[in-house]
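Everything below concerns the one structure shown next.
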Amino acid sequence: MWAYQDKTKSVRPITKGKNMKKVKEVALKVWNVINGKDADMDGDVDIDDAMLKAKRKAKKKKEK
Ligand SMILES: [Ca+2]
């Protein structure tokens with residue numbers, strides 16, 4: 001009885017939740033790259049992306 005309860009109560013929802021979390025994380029990272037938030041594509045939106053975007057903007061202005 002106890003073993004059965006443990007299986008249905010904890011094992012399935014935990015694995016399902018972890019997978020969903022990973023899928024959401026990956027989807028968010030891909031989305032950030034697509035819409036330009038993650039400029040250096042390292043998976044994080046931080047100051048490095050802002051710096052890279054500023055550099056790209058400066059370069060574009062110079063070329064024109
Ligand atoms: Ca980044």
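Ligands are numbered from 1 in the order shown, chains are lettered A, B, ... in the order of the structure tokens, and residues start at 1 in each chain.
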Which residues sit within 8 Å of ligand 1, counting only C-alpha atoms and all ligand atoms, listed as a PDB file with N, CA and C atoms, in the first residue's frame?
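Generated output (pocket-v8.pdb):
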ATOM      1  N   LYS A  37      17.278  39.397 -27.529  1.00  0.00           N
ATOM      2  CA  LYS A  37      17.632  39.727 -26.145  1.00  0.00           C
ATOM      3  C   LYS A  37      18.973  39.101 -25.764  1.00  0.00           C
ATOM      4  N   ASP A  38      19.200  37.868 -26.260  1.00  0.00           N
ATOM      5  CA  ASP A  38      20.454  37.172 -25.943  1.00  0.00           C
ATOM      6  C   ASP A  38      21.405  37.326 -27.121  1.00  0.00           C
ATOM      7  N   ALA A  39      22.108  38.433 -27.169  1.00  0.00           N
ATOM      8  CA  ALA A  39      22.883  38.810 -28.352  1.00  0.00           C
ATOM      9  C   ALA A  39      24.072  37.886 -28.593  1.00  0.00           C
ATOM     10  N   ASP A  40      24.731  37.407 -27.515  1.00  0.00           N
ATOM     11  CA  ASP A  40      25.896  36.541 -27.711  1.00  0.00           C
ATOM     12  C   ASP A  40      25.532  35.059 -27.652  1.00  0.00           C
ATOM     13  N   MET A  41      24.233  34.760 -27.489  1.00  0.00           N
ATOM     14  CA  MET A  41      23.688  33.391 -27.566  1.00  0.00           C
ATOM     15  C   MET A  41      24.315  32.439 -26.570  1.00  0.00           C
ATOM     16  N   ASP A  42      24.625  32.896 -25.365  1.00  0.00           N
ATOM     17  CA  ASP A  42      25.176  31.999 -24.357  1.00  0.00           C
ATOM     18  C   ASP A  42      24.081  31.468 -23.437  1.00  0.00           C
ATOM     19  N   GLY A  43      22.854  31.842 -23.669  1.00  0.00           N
ATOM     20  CA  GLY A  43      21.742  31.305 -22.889  1.00  0.00           C
ATOM     21  C   GLY A  43      21.309  32.190 -21.740  1.00  0.00           C
ATOM     22  N   ASP A  44      22.017  33.272 -21.512  1.00  0.00           N
ATOM     23  CA  ASP A  44      21.647  34.192 -20.432  1.00  0.00           C
ATOM     24  C   ASP A  44      21.483  35.604 -20.986  1.00  0.00           C
ATOM     25  N   VAL A  45      20.478  36.290 -20.460  1.00  0.00           N
ATOM     26  CA  VAL A  45      20.314  37.702 -20.828  1.00  0.00           C
ATOM     27  C   VAL A  45      20.919  38.537 -19.707  1.00  0.00           C
ATOM     28  N   ASP A  46      22.090  39.115 -19.963  1.00  0.00           N
ATOM     29  CA  ASP A  46      22.778  39.866 -18.907  1.00  0.00           C
ATOM     30  C   ASP A  46      23.519  41.061 -19.503  1.00  0.00           C
ATOM     31  N   ILE A  47      24.425  41.613 -18.741  1.00  0.00           N
ATOM     32  CA  ILE A  47      25.142  42.827 -19.157  1.00  0.00           C
ATOM     33  C   ILE A  47      25.991  42.590 -20.402  1.00  0.00           C
ATOM     34  N   ASP A  48      26.483  41.354 -20.563  1.00  0.00           N
ATOM     35  CA  ASP A  48      27.299  41.051 -21.747  1.00  0.00           C
ATOM     36  C   ASP A  48      26.515  41.259 -23.031  1.00  0.00           C
ATOM     37  N   ASP A  49      25.234  40.894 -22.993  1.00  0.00           N
ATOM     38  CA  ASP A  49      24.400  41.073 -24.176  1.00  0.00           C
ATOM     39  C   ASP A  49      24.199  42.556 -24.466  1.00  0.00           C
TER      40      ASP A  49
END
Review point. Just how far from atom CA of Met51 of chain A is atom CA of Glu63 of chain A, in Å to one decimal?
Key: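 Distance between the two atoms: 18.5 Å.
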